[in-house]
file model.csv (CSV, C-alpha atoms)
chain,number,residue,atom,x,y,z
S,1,MET,CA,86.7,54.7,132.9
S,2,LEU,CA,83.8,52.8,134.3
S,3,GLU,CA,84.1,49.2,133.1
S,4,ARG,CA,80.8,48.0,134.5
S,5,PRO,CA,78.3,50.8,134.6
S,6,ASN,CA,75.0,50.3,136.5
S,7,VAL,CA,71.9,49.8,134.4
S,8,ILE,CA,68.9,52.2,134.9
S,9,LYS,CA,66.5,50.3,132.6
S,10,HIS,CA,67.0,46.8,131.4
S,11,TYR,CA,67.5,46.3,127.7
S,12,ARG,CA,64.2,45.7,125.9
S,13,TRP,CA,63.3,42.0,125.3
S,14,HIS,CA,62.5,41.7,121.6
S,15,MET,CA,60.9,38.7,120.1
S,16,GLY,CA,64.4,37.3,119.3
S,17,THR,CA,65.4,37.5,122.9
S,18,TRP,CA,62.3,35.6,124.1
S,19,ALA,CA,62.8,33.0,121.4
S,20,TRP,CA,66.4,32.4,122.4
S,21,VAL,CA,65.8,32.4,126.2
S,22,LEU,CA,62.8,30.0,125.8
S,23,HIS,CA,64.9,27.8,123.5
S,24,ARG,CA,67.6,27.6,126.2
S,25,ILE,CA,65.1,26.9,129.0
S,26,THR,CA,63.2,24.2,127.0
S,27,GLY,CA,66.5,22.7,125.9
S,28,LEU,CA,67.7,22.3,129.5
S,29,ALA,CA,64.3,21.0,130.6
S,30,LEU,CA,64.6,18.3,127.8
S,31,VAL,CA,68.0,17.3,129.0
S,32,PHE,CA,66.6,16.8,132.5
S,33,TYR,CA,63.7,14.9,131.0
S,34,LEU,CA,66.2,12.6,129.2
S,35,VAL,CA,67.8,11.7,132.5
S,36,LEU,CA,64.3,10.9,133.9
S,37,HIS,CA,63.5,8.9,130.8
S,38,ILE,CA,66.7,6.8,131.2
S,39,TRP,CA,65.7,6.1,134.8
S,40,VAL,CA,62.3,5.0,133.7
S,41,ILE,CA,63.5,2.6,131.0
S,42,HIS,CA,66.2,1.3,133.2
S,43,ASN,CA,63.8,0.3,136.0
S,44,ILE,CA,60.9,-0.7,133.8
S,45,SER,CA,62.9,-3.6,132.5
S,46,SER,CA,63.8,-5.0,135.9
S,47,GLY,CA,60.8,-7.2,136.3
S,48,PRO,CA,57.1,-6.9,137.4
S,49,LYS,CA,57.9,-5.2,140.7
S,50,GLY,CA,60.1,-2.6,139.1
S,51,PHE,CA,57.5,-2.0,136.4
S,52,ASP,CA,54.8,-1.4,138.9
S,53,LYS,CA,57.0,1.0,140.9
S,54,VAL,CA,57.9,3.1,137.9
S,55,MET,CA,54.3,3.1,136.6
S,56,GLY,CA,53.1,4.2,140.1
S,57,VAL,CA,55.4,7.2,139.8
S,58,VAL,CA,54.7,8.2,136.2
S,59,GLN,CA,51.0,7.6,136.4
S,60,ALA,CA,50.6,10.0,139.4
S,61,PRO,CA,48.5,13.1,138.7
S,62,LEU,CA,51.5,15.4,139.1
S,63,PHE,CA,53.4,13.5,136.3
S,64,LEU,CA,50.4,13.6,134.0
S,65,PHE,CA,50.2,17.3,134.5
S,66,LEU,CA,54.0,17.7,134.0
S,67,GLU,CA,53.6,15.8,130.7
S,68,LEU,CA,51.7,18.7,129.4
S,69,GLY,CA,54.8,20.8,130.1
S,70,LEU,CA,56.9,18.2,128.4
S,71,LEU,CA,54.7,18.4,125.3
S,72,GLY,CA,55.0,22.2,125.3
S,73,CYS,CA,58.8,22.0,125.7
S,74,VAL,CA,59.2,19.5,122.9
S,75,LEU,CA,56.9,21.4,120.5
S,76,TYR,CA,58.5,24.8,121.3
S,77,HIS,CA,62.1,23.5,121.0
S,78,THR,CA,61.3,21.6,117.7
S,79,PHE,CA,59.5,24.5,116.0
S,80,ASN,CA,61.9,27.2,117.2
S,81,GLY,CA,64.7,24.9,116.0
S,82,LEU,CA,63.1,24.8,112.6
S,83,ARG,CA,62.8,28.6,112.7
S,84,ILE,CA,66.5,28.8,113.4
S,85,MET,CA,67.3,26.5,110.5
S,86,ILE,CA,65.1,28.5,108.1
S,87,VAL,CA,66.7,31.7,109.3
S,88,GLU,CA,70.2,30.2,108.7
S,89,PHE,CA,69.5,28.7,105.3
S,90,SER,CA,67.1,31.0,103.6
S,91,LYS,CA,67.8,34.7,102.8
S,92,GLU,CA,64.1,35.5,102.7
S,93,GLY,CA,63.6,33.6,106.0
S,94,CYS,CA,66.3,35.8,107.7
S,95,GLU,CA,64.6,39.0,106.5
S,96,ALA,CA,61.1,37.8,107.5
S,97,HIS,CA,62.3,36.2,110.7
S,98,LYS,CA,59.4,37.5,112.8
S,99,MET,CA,56.9,36.1,110.3
S,100,VAL,CA,58.7,32.7,110.3
S,101,TRP,CA,58.5,32.7,114.1
S,102,GLY,CA,54.8,33.5,114.1
S,103,ALA,CA,54.1,30.8,111.6
S,104,MET,CA,56.1,28.2,113.5
S,105,MET,CA,54.5,29.2,116.8
S,106,ALA,CA,51.0,28.9,115.2
S,107,VAL,CA,51.8,25.3,114.2
S,108,ALA,CA,53.3,24.5,117.6
S,109,GLY,CA,50.3,26.0,119.3
S,110,PHE,CA,47.9,24.0,117.2
S,111,LEU,CA,49.7,20.8,117.9
S,112,PHE,CA,49.8,21.7,121.6
S,113,LEU,CA,46.1,22.0,121.7
S,114,LEU,CA,45.6,18.8,119.6
S,115,GLY,CA,47.8,16.8,122.0
S,116,GLY,CA,47.3,18.8,125.2
S,117,VAL,CA,43.5,18.7,125.4
S,118,PRO,CA,43.2,14.9,125.7
S,119,MET,CA,46.2,14.8,128.0
S,120,PHE,CA,44.5,17.4,130.2
S,121,VAL,CA,41.3,15.5,130.2
S,122,HIS,CA,43.3,12.4,131.2
S,123,PHE,CA,44.9,14.4,134.0
S,124,LEU,CA,41.4,15.6,135.2
S,125,HIS,CA,40.2,11.9,135.3
S,126,SER,CA,43.2,10.9,137.3
S,127,ILE,CA,42.6,13.5,140.0
S,128,ALA,CA,38.8,12.8,140.0
S,129,GLY,CA,39.7,9.3,141.0
P,1,MET,CA,54.3,71.6,124.0
P,2,ALA,CA,54.4,68.8,126.4
P,3,GLU,CA,56.4,68.1,129.6
P,4,TYR,CA,58.8,65.2,129.6
P,5,THR,CA,61.2,63.9,132.3
P,6,PHE,CA,64.6,62.7,131.0
P,7,ARG,CA,66.3,60.2,133.3
P,8,ILE,CA,69.9,60.4,132.2
P,9,PHE,CA,72.9,58.3,133.3
P,10,ARG,CA,75.6,60.5,134.7
P,11,TYR,CA,79.1,59.6,135.6
P,12,ASP,CA,82.0,62.0,136.3
P,13,PRO,CA,85.3,60.0,136.5
P,14,GLU,CA,86.8,62.7,138.8
P,15,LYS,CA,84.0,62.6,141.4
P,16,ASP,CA,81.8,59.4,141.0
P,17,GLU,CA,82.7,55.9,142.0
P,18,GLN,CA,79.6,54.5,140.1
P,19,GLY,CA,77.1,56.0,137.7
P,20,ARG,CA,74.1,57.9,139.0
P,21,VAL,CA,70.7,59.0,137.6
P,22,GLN,CA,69.8,62.6,137.1
P,23,ASP,CA,66.3,63.7,136.1
P,24,TYR,CA,65.6,66.8,134.0
P,25,THR,CA,62.0,67.9,133.5
P,26,PHE,CA,61.1,70.5,130.9
P,27,GLU,CA,58.7,71.2,128.1
P,28,VAL,CA,59.8,70.0,124.6
P,29,GLN,CA,58.7,71.5,121.4
P,30,GLU,CA,56.8,69.6,118.6
P,31,GLY,CA,59.2,67.6,116.4
P,32,TRP,CA,62.1,67.5,118.8
P,33,THR,CA,64.4,64.5,118.7
P,34,ILE,CA,66.3,63.1,121.7
P,35,LEU,CA,69.4,65.0,120.5
P,36,ASP,CA,67.4,68.3,120.6
P,37,ALA,CA,66.4,67.5,124.2
P,38,LEU,CA,70.1,66.8,125.1
P,39,ASN,CA,71.2,70.0,123.5
P,40,HIS,CA,68.5,71.9,125.4
P,41,ILE,CA,69.8,70.4,128.7
P,42,LYS,CA,73.4,71.2,127.8
P,43,TRP,CA,72.8,74.7,126.5
P,44,PHE,CA,70.2,75.9,129.0
P,45,ILE,CA,70.0,73.7,132.1
P,46,ASP,CA,73.2,71.8,132.9
P,47,GLY,CA,76.4,72.5,130.9
P,48,THR,CA,78.2,69.5,132.5
P,49,LEU,CA,76.2,66.9,130.6
P,50,THR,CA,78.5,65.1,128.2
P,51,TYR,CA,77.6,63.3,125.0
P,52,ARG,CA,78.8,62.9,121.5
P,53,ARG,CA,77.1,64.5,118.5
P,54,ALA,CA,78.2,65.9,115.2
P,55,CYS,CA,76.0,65.8,112.0
P,56,ARG,CA,72.6,65.7,113.7
P,57,HIS,CA,70.9,63.9,110.8
P,58,GLY,CA,71.8,60.3,111.0
P,59,ILE,CA,75.0,60.2,108.9
P,60,CYS,CA,77.9,60.4,111.3
P,61,GLY,CA,76.9,57.8,113.8
P,62,SER,CA,78.2,59.7,116.8
P,63,CYS,CA,75.1,59.9,119.0
P,64,GLY,CA,74.4,56.1,119.5
P,65,MET,CA,72.9,55.6,122.9
P,66,THR,CA,70.4,53.4,124.8
P,67,ILE,CA,67.0,55.2,124.8
P,68,ASN,CA,64.2,53.7,126.9
P,69,GLY,CA,66.1,50.4,126.9
P,70,LYS,CA,66.8,50.2,123.2
P,71,ASN,CA,69.7,51.4,121.2
P,72,ASN,CA,69.3,54.1,118.6
P,73,ILE,CA,70.9,57.3,117.5
P,74,ALA,CA,69.6,60.2,119.4
P,75,CYS,CA,69.2,62.5,116.3
P,76,GLU,CA,66.8,60.1,114.6
P,77,THR,CA,64.7,59.3,117.6
P,78,GLN,CA,61.6,61.5,117.8
P,79,ILE,CA,60.6,62.1,121.4
P,80,LYS,CA,56.9,61.8,120.5
P,81,ASP,CA,57.3,58.4,118.9
P,82,LEU,CA,58.7,56.9,122.2
P,83,GLY,CA,55.2,57.1,123.7
P,84,THR,CA,56.3,57.7,127.3
P,85,SER,CA,56.6,60.9,129.3
P,86,THR,CA,59.6,59.6,131.2
P,87,ILE,CA,62.5,58.8,128.9
P,88,THR,CA,65.6,56.9,130.1
P,89,ILE,CA,68.9,57.7,128.3
P,90,GLU,CA,71.9,55.6,129.0
P,91,PRO,CA,75.4,55.1,127.3
P,92,LEU,CA,75.8,52.2,124.9
P,93,ARG,CA,76.0,48.9,126.8
P,94,GLY,CA,79.0,46.6,126.7
P,95,PHE,CA,81.5,49.5,126.4
P,96,PRO,CA,83.4,51.2,129.2
P,97,VAL,CA,81.9,54.6,130.1
P,98,ILE,CA,84.4,57.6,129.8
P,99,LYS,CA,81.9,60.2,131.0
P,100,ASP,CA,78.1,60.5,131.1
P,101,LEU,CA,76.9,59.2,127.7
P,102,VAL,CA,80.4,58.9,126.2
P,103,VAL,CA,81.7,55.4,125.9
P,104,ASN,CA,85.1,54.1,124.8
P,105,MET,CA,84.6,52.8,121.3
P,106,GLU,CA,88.1,51.3,121.0
P,107,PRO,CA,87.0,47.7,121.5
P,108,PHE,CA,84.4,48.2,118.8
P,109,TYR,CA,86.9,49.6,116.3
P,110,ASP,CA,89.4,46.9,117.2
P,111,LYS,CA,86.9,44.3,116.0
P,112,LEU,CA,86.3,46.2,112.8
P,113,TYR,CA,90.1,46.5,112.0
P,114,ALA,CA,90.4,42.7,112.7
P,115,VAL,CA,88.2,41.8,109.7
P,116,LYS,CA,90.2,44.2,107.4
P,117,PRO,CA,87.3,46.4,106.2
P,118,TYR,CA,88.8,47.4,102.9
P,119,LEU,CA,89.0,46.0,99.4
P,120,ILE,CA,91.9,43.5,99.1
P,121,THR,CA,93.2,42.7,95.6
P,122,ARG,CA,96.0,40.5,94.3
P,123,THR,CA,95.6,41.0,90.6
P,124,PRO,CA,96.5,44.4,89.0
P,125,PRO,CA,93.5,46.5,87.9
P,126,PRO,CA,92.8,46.8,84.2
P,127,THR,CA,94.8,49.7,82.6
P,128,ASP,CA,91.9,51.2,80.6
P,129,ARG,CA,89.1,51.3,83.2
P,130,GLU,CA,88.2,50.6,86.8
P,131,ARG,CA,87.6,47.1,88.2
P,132,TYR,CA,84.4,46.0,86.7
P,133,GLN,CA,81.4,44.9,88.8
P,134,SER,CA,78.2,43.8,87.2
P,135,PRO,CA,74.9,45.4,88.4
P,136,GLU,CA,73.9,42.0,89.8
P,137,ASP,CA,77.1,41.6,91.8
P,138,ARG,CA,76.8,45.2,93.0
P,139,ALA,CA,73.2,44.5,94.1
P,140,LYS,CA,74.5,41.8,96.5
P,141,LEU,CA,76.1,44.5,98.6
P,142,ASP,CA,72.9,46.3,99.2
P,143,GLY,CA,72.2,46.4,103.0
P,144,LYS,CA,75.9,45.8,103.7
P,145,TYR,CA,77.7,49.0,102.9
P,146,GLU,CA,75.3,51.6,104.4
P,147,CYS,CA,76.6,51.2,108.0
P,148,ILE,CA,77.5,54.5,109.8
P,149,LEU,CA,79.5,52.8,112.6
P,150,CYS,CA,77.3,54.1,115.4
P,151,GLY,CA,77.8,50.9,117.5
P,152,CYS,CA,74.1,50.4,118.2
P,153,CYS,CA,74.2,46.8,116.9
P,154,THR,CA,77.3,45.4,118.7
P,155,SER,CA,76.2,47.2,121.9
P,156,SER,CA,72.7,45.6,121.8
P,157,CYS,CA,74.0,42.1,121.3
P,158,PRO,CA,73.6,39.8,124.4
P,159,THR,CA,76.3,37.6,122.9
P,160,TYR,CA,78.7,40.5,122.9
P,161,TRP,CA,77.8,41.4,126.5
P,162,ALA,CA,78.8,37.9,127.5
P,163,ASP,CA,81.9,37.5,125.3
P,164,LYS,CA,83.9,40.6,124.8
P,165,ASN,CA,86.1,38.8,122.2
P,166,PHE,CA,83.1,38.2,119.9
P,167,LEU,CA,83.6,40.2,116.8
P,168,GLY,CA,80.0,41.5,117.0
P,169,PRO,CA,77.4,42.2,114.3
P,170,ASN,CA,79.1,45.3,113.0
P,171,ALA,CA,82.5,43.8,112.2
P,172,LEU,CA,80.8,40.6,110.8
P,173,LEU,CA,78.5,42.7,108.6
P,174,LYS,CA,81.6,44.5,107.3
P,175,ALA,CA,83.3,41.2,106.7
P,176,SER,CA,80.4,39.9,104.7
P,177,LYS,CA,80.4,43.1,102.7
P,178,PHE,CA,83.9,42.5,101.5
P,179,MET,CA,83.9,38.7,101.4
P,180,LEU,CA,80.8,38.7,99.2
P,181,ASP,CA,82.2,41.6,97.0
P,182,SER,CA,82.9,40.1,93.5
P,183,ARG,CA,86.1,42.3,93.2
P,184,ASP,CA,87.6,41.3,96.5
P,185,GLU,CA,90.4,38.8,96.6
P,186,GLY,CA,91.2,38.8,100.3
P,187,PHE,CA,89.3,35.7,101.4
P,188,GLU,CA,92.4,34.1,103.0
P,189,ASP,CA,93.2,37.3,104.9
P,190,ARG,CA,89.9,37.3,106.7
P,191,VAL,CA,88.8,33.7,106.9
P,192,ASN,CA,90.8,32.8,110.0
P,193,CYS,CA,89.4,35.8,111.9
P,194,ILE,CA,85.7,35.2,111.1
P,195,ASP,CA,85.7,31.3,111.0
P,196,ASP,CA,86.4,31.2,114.7
P,197,LYS,CA,84.5,30.5,117.9
P,198,HIS,CA,84.5,34.3,118.6
P,199,GLY,CA,83.5,34.9,115.0
P,200,ILE,CA,80.4,34.0,112.9
P,201,TRP,CA,79.7,30.8,114.9
P,202,ARG,CA,79.1,32.7,118.1
P,203,CYS,CA,76.0,34.5,116.9
P,204,HIS,CA,72.8,33.1,118.5
P,205,THR,CA,70.4,34.8,116.0
P,206,ILE,CA,68.8,36.9,118.8
P,207,PHE,CA,68.2,39.7,116.2
P,208,ASN,CA,68.8,42.5,118.7
P,209,CYS,CA,71.2,44.1,116.2
P,210,VAL,CA,68.5,44.1,113.6
P,211,GLU,CA,66.0,45.8,116.0
P,212,ALA,CA,68.7,48.4,117.0
P,213,CYS,CA,70.2,49.4,113.7
P,214,PRO,CA,69.1,53.0,112.9
P,215,LYS,CA,69.9,52.4,109.2
P,216,GLU,CA,67.6,49.3,109.2
P,217,LEU,CA,70.3,47.0,108.1
P,218,ASN,CA,70.3,43.3,108.9
P,219,PRO,CA,73.7,42.2,110.3
P,220,THR,CA,72.3,38.7,111.1
P,221,LYS,CA,71.7,38.2,107.4
P,222,GLY,CA,75.4,39.0,106.7
P,223,ILE,CA,76.4,36.6,109.4
P,224,VAL,CA,74.3,33.7,108.1
P,225,GLU,CA,75.5,34.4,104.6
P,226,LEU,CA,79.1,34.0,105.8
P,227,ARG,CA,78.1,30.8,107.6
P,228,ARG,CA,76.7,29.4,104.3
P,229,LEU,CA,79.9,30.5,102.5
P,230,MET,CA,82.0,28.7,105.1
P,231,MET,CA,79.8,25.6,104.9
P,232,ARG,CA,79.9,25.4,101.1
P,233,GLY,CA,83.7,25.6,101.3
P,234,ARG,CA,83.8,22.6,103.7
P,235,LEU,CA,81.4,20.4,101.7
call {"tool": "encode", "arguments": {"input": "model.csv", "output": "structure tokens"}}
result
Amino acid sequence: MLERPNVIKHYRWHMGTWAWVLHRITGLALVFYLVLHIWVIHNISSGPKGFDKVMGVVQAPLFLFLELGLLGCVLYHTFNGLRIMIVEFSKEGCEAHKMVWGAMMAVAGFLFLLGGVPMFVHFLHSIAG
Amino acid sequence: MAEYTFRIFRYDPEKDEQGRVQDYTFEVQEGWTILDALNHIKWFIDGTLTYRRACRHGICGSCGMTINGKNNIACETQIKDLGTSTITIEPLRGFPVIKDLVVNMEPFYDKLYAVKPYLITRTPPPTDRERYQSPEDRAKLDGKYECILCGCCTSSCPTYWADKNFLGPNALLKASKFMLDSRDEGFEDRVNCIDDKHGIWRCHTIFNCVEACPKELNPTKGIVELRRLMMRGRL
């Protein structure tokens, strides 16, 4: 018997697979962010010099751009998490899981635009000088 | 009549070290299913092709396989509906391959036996009639009993690929069918098996099982119903 047969065509990625993989990736990204966050609040309280040093890093254009990604991660992880809760606790939600996902992503997308546009403008200002 | 190419996974345990791909190109007739195409290959082109089939109309669950990267039963998959002129056919994933498209379903049945998929009773039945079940209680089992054991759901589950001890959507759907049956009294017999890290709590709600099920059942719903049942018990 062939225990590990080779795959000809990879299994199709349905919406649920995307939702789950993105949930994992954004979750790991947020764990990494938490470490960074602890580094920031640890150094920021060490006096004026430390404050300036930390602010010099987090106000750099690269960081302002990455903050857009952070907003995206937080919004996706939050709203997909809500979708998972709805699927777990409501019979109708489990049956209409695709609709729940669509609705949640619409809200997340709207909030991303709402917060992301000013953040992007701020980023553009920072690279313009 | 249109020409299609079928890319089929081949493995002969007596000759091959690893699986290989064999292409068959021929014209298929209007209304053919994947099973019709496989029969055509076996009867007229290459008699060595091995696959399981029996009823050929979606009742026996023998011809579960991965068609164009998605599990389904071959007899219910219309070739035209796939929308591609090259069609990949592979054995069900997650199970050892015996030959060509035939997989060893023992691990699948073992999980099913583990949840005791039969009515367990402790009280004797009434002497004058059968065990009563109200229409409302009976309706709760809709979407749970229609399973044909084709294995498409468990084989499509990424969690099962990663954890071969995971009971899988099929066994958990069966467990939910009996644990939510008003006549069943076997809660204690099944609870240790399903309330386990390889049981209901392993499911990541990826919904591949729901996409794959040829009977359009929702094993995830059965799993989350069991989770709610367990949670109510703890609260």
call {"tool": "closest_residue", "arguments": {"input": "model.csv", "among": "S:Ile84, S:Pro48, S:Phe32, S:Leu75", "to": "chain P", "atoms": "only C-alpha atoms"}}
result
S:Ile84
call {"tool": "closest_atom_pairs", "arguments": {"input": "model.csv", "of": "chain P", "to": "chain S", "cutoff": "10 Å", "atoms": "all atoms listed in the file", "output": "JSON lines"}}
result
{"residue": "P:Arg7", "atom": "CA", "partner": "S:Ile8", "partner_atom": "CA", "distance": 8.6}
{"residue": "P:Ile8", "atom": "CA", "partner": "S:Ile8", "partner_atom": "CA", "distance": 8.7}
{"residue": "P:Phe9", "atom": "CA", "partner": "S:Ile8", "partner_atom": "CA", "distance": 7.5}
{"residue": "P:Tyr11", "atom": "CA", "partner": "S:Leu2", "partner_atom": "CA", "distance": 8.4}
{"residue": "P:Asp12", "atom": "CA", "partner": "S:Met1", "partner_atom": "CA", "distance": 9.3}
{"residue": "P:Pro13", "atom": "CA", "partner": "S:Met1", "partner_atom": "CA", "distance": 6.6}
{"residue": "P:Glu14", "atom": "CA", "partner": "S:Met1", "partner_atom": "CA", "distance": 9.9}
{"residue": "P:Asp16", "atom": "CA", "partner": "S:Leu2", "partner_atom": "CA", "distance": 9.6}
{"residue": "P:Glu17", "atom": "CA", "partner": "S:Leu2", "partner_atom": "CA", "distance": 8.4}
{"residue": "P:Gln18", "atom": "CA", "partner": "S:Pro5", "partner_atom": "CA", "distance": 6.8}
{"residue": "P:Gly19", "atom": "CA", "partner": "S:Pro5", "partner_atom": "CA", "distance": 6.2}
{"residue": "P:Arg20", "atom": "CA", "partner": "S:Asn6", "partner_atom": "CA", "distance": 8.1}
{"residue": "P:Val21", "atom": "CA", "partner": "S:Ile8", "partner_atom": "CA", "distance": 7.5}
{"residue": "P:Thr66", "atom": "CA", "partner": "S:Tyr11", "partner_atom": "CA", "distance": 8.2}
{"residue": "P:Ile67", "atom": "CA", "partner": "S:Lys9", "partner_atom": "CA", "distance": 9.2}
{"residue": "P:Asn68", "atom": "CA", "partner": "S:Lys9", "partner_atom": "CA", "distance": 7.0}
{"residue": "P:Gly69", "atom": "CA", "partner": "S:Tyr11", "partner_atom": "CA", "distance": 4.4}
{"residue": "P:Lys70", "atom": "CA", "partner": "S:Arg12", "partner_atom": "CA", "distance": 5.9}
{"residue": "P:Asn71", "atom": "CA", "partner": "S:Tyr11", "partner_atom": "CA", "distance": 8.5}
{"residue": "P:Thr88", "atom": "CA", "partner": "S:Lys9", "partner_atom": "CA", "distance": 7.1}
{"residue": "P:Ile89", "atom": "CA", "partner": "S:Ile8", "partner_atom": "CA", "distance": 8.6}
{"residue": "P:Glu90", "atom": "CA", "partner": "S:Ile8", "partner_atom": "CA", "distance": 7.4}
{"residue": "P:Pro91", "atom": "CA", "partner": "S:Pro5", "partner_atom": "CA", "distance": 9.0}
{"residue": "P:Arg93", "atom": "CA", "partner": "S:Pro5", "partner_atom": "CA", "distance": 8.4}
{"residue": "P:Gly94", "atom": "CA", "partner": "S:Arg4", "partner_atom": "CA", "distance": 8.1}
{"residue": "P:Phe95", "atom": "CA", "partner": "S:Glu3", "partner_atom": "CA", "distance": 7.2}
{"residue": "P:Pro96", "atom": "CA", "partner": "S:Glu3", "partner_atom": "CA", "distance": 4.4}
{"residue": "P:Val97", "atom": "CA", "partner": "S:Leu2", "partner_atom": "CA", "distance": 4.9}
{"residue": "P:Ile98", "atom": "CA", "partner": "S:Met1", "partner_atom": "CA", "distance": 4.8}
{"residue": "P:Lys99", "atom": "CA", "partner": "S:Met1", "partner_atom": "CA", "distance": 7.5}
{"residue": "P:Val103", "atom": "CA", "partner": "S:Met1", "partner_atom": "CA", "distance": 8.6}
{"residue": "P:Asn104", "atom": "CA", "partner": "S:Met1", "partner_atom": "CA", "distance": 8.3}
{"residue": "P:Ser156", "atom": "CA", "partner": "S:Tyr11", "partner_atom": "CA", "distance": 7.9}
{"residue": "P:Cys157", "atom": "CA", "partner": "S:Thr17", "partner_atom": "CA", "distance": 9.9}
{"residue": "P:Pro158", "atom": "CA", "partner": "S:Thr17", "partner_atom": "CA", "distance": 8.6}
{"residue": "P:His204", "atom": "CA", "partner": "S:Trp20", "partner_atom": "CA", "distance": 7.5}
{"residue": "P:Thr205", "atom": "CA", "partner": "S:Gly16", "partner_atom": "CA", "distance": 7.3}
{"residue": "P:Ile206", "atom": "CA", "partner": "S:Gly16", "partner_atom": "CA", "distance": 4.4}
{"residue": "P:Phe207", "atom": "CA", "partner": "S:Gly16", "partner_atom": "CA", "distance": 5.5}
{"residue": "P:Asn208", "atom": "CA", "partner": "S:Gly16", "partner_atom": "CA", "distance": 6.8}
{"residue": "P:Val210", "atom": "CA", "partner": "S:Glu95", "partner_atom": "CA", "distance": 9.6}
{"residue": "P:Glu211", "atom": "CA", "partner": "S:His14", "partner_atom": "CA", "distance": 7.8}
{"residue": "P:Leu217", "atom": "CA", "partner": "S:Glu95", "partner_atom": "CA", "distance": 10.0}
{"residue": "P:Asn218", "atom": "CA", "partner": "S:Glu95", "partner_atom": "CA", "distance": 7.5}
{"residue": "P:Thr220", "atom": "CA", "partner": "S:Cys94", "partner_atom": "CA", "distance": 7.5}
{"residue": "P:Lys221", "atom": "CA", "partner": "S:Cys94", "partner_atom": "CA", "distance": 5.9}
{"residue": "P:Gly222", "atom": "CA", "partner": "S:Lys91", "partner_atom": "CA", "distance": 9.6}
{"residue": "P:Ile223", "atom": "CA", "partner": "S:Glu88", "partner_atom": "CA", "distance": 8.9}
{"residue": "P:Val224", "atom": "CA", "partner": "S:Glu88", "partner_atom": "CA", "distance": 5.4}
{"residue": "P:Glu225", "atom": "CA", "partner": "S:Glu88", "partner_atom": "CA", "distance": 7.9}
{"residue": "P:Arg227", "atom": "CA", "partner": "S:Glu88", "partner_atom": "CA", "distance": 8.0}
{"residue": "P:Arg228", "atom": "CA", "partner": "S:Phe89", "partner_atom": "CA", "distance": 7.3}
call {"tool": "residues_around", "arguments": {"input": "model.csv", "residues": "range 40-56 of chain P", "least_positions_apart": "2", "cutoff": "8 Å", "atoms": "only C-alpha atoms", "output": "list in words"}}
result
Arg10, Tyr24, Leu35, Asp36, Ala37, Leu38, Gly58, Ile59, Cys60, Ser62, Cys63, Cys75, Lys99, Asp100, Leu101 and Val102 of chain P
call {"tool": "axis_aligned_box", "arguments": {"input": "model.csv", "around": "range 205-211 of chain P", "padding_each_side": "5 Å", "output": "lines of an AutoDock Vina configuration file"}}
result
center_x = 68.6
center_y = 40.3
center_z = 116.2
size_x = 15.2
size_y = 21.0
size_z = 15.2
call {"tool": "closest_residue", "arguments": {"input": "model.csv", "among": "S:Leu82, S:Met55, S:Leu71, S:His77", "to": "Trp39 in chain S", "atoms": "only C-alpha atoms"}}
result
S:Met55
call {"tool": "closest_residue", "arguments": {"input": "model.csv", "among": "S:Gly69, S:Gly50, S:Gly56, S:Gly81", "to": "Arg24 in chain S", "atoms": "all atoms listed in the file"}}
result
S:Gly81
call {"tool": "atom_distance", "arguments": {"input": "model.csv", "atom1": "CA of Cys73 in chain S", "atom2": "CA of Phe112 in chain S"}}
result
9.9 Å
call {"tool": "decode", "arguments": {"input": "model.csv", "residues": "range 107-124 of chain S", "atoms": "C-alpha atoms", "output": "short mmCIF file (atom, residue, chain, number, x, y, z; two decimals), in the first residue's frame"}}
result
data_model
loop_
_atom_site.label_atom_id
_atom_site.label_comp_id
_atom_site.auth_asym_id
_atom_site.auth_seq_id
_atom_site.Cartn_x
_atom_site.Cartn_y
_atom_site.Cartn_z
CA VAL S 107 -17.78 45.41 7.52
CA ALA S 108 -14.04 44.78 7.90
CA GLY S 109 -13.37 46.22 4.44
CA PHE S 110 -15.43 49.31 5.20
CA LEU S 111 -13.57 49.90 8.46
CA PHE S 112 -10.26 49.29 6.68
CA LEU S 113 -11.06 52.04 4.20
CA LEU S 114 -12.31 54.31 6.96
CA GLY S 115 -9.10 53.97 8.97
CA GLY S 116 -6.70 53.14 6.16
CA VAL S 117 -7.22 56.18 3.93
CA PRO S 118 -6.12 58.76 6.55
CA MET S 119 -3.25 56.45 7.54
CA PHE S 120 -2.15 56.19 3.92
CA VAL S 121 -2.35 59.95 3.47
CA HIS S 122 -0.21 60.33 6.62
CA PHE S 123 2.28 57.87 5.11
CA LEU S 124 2.39 59.84 1.84
#
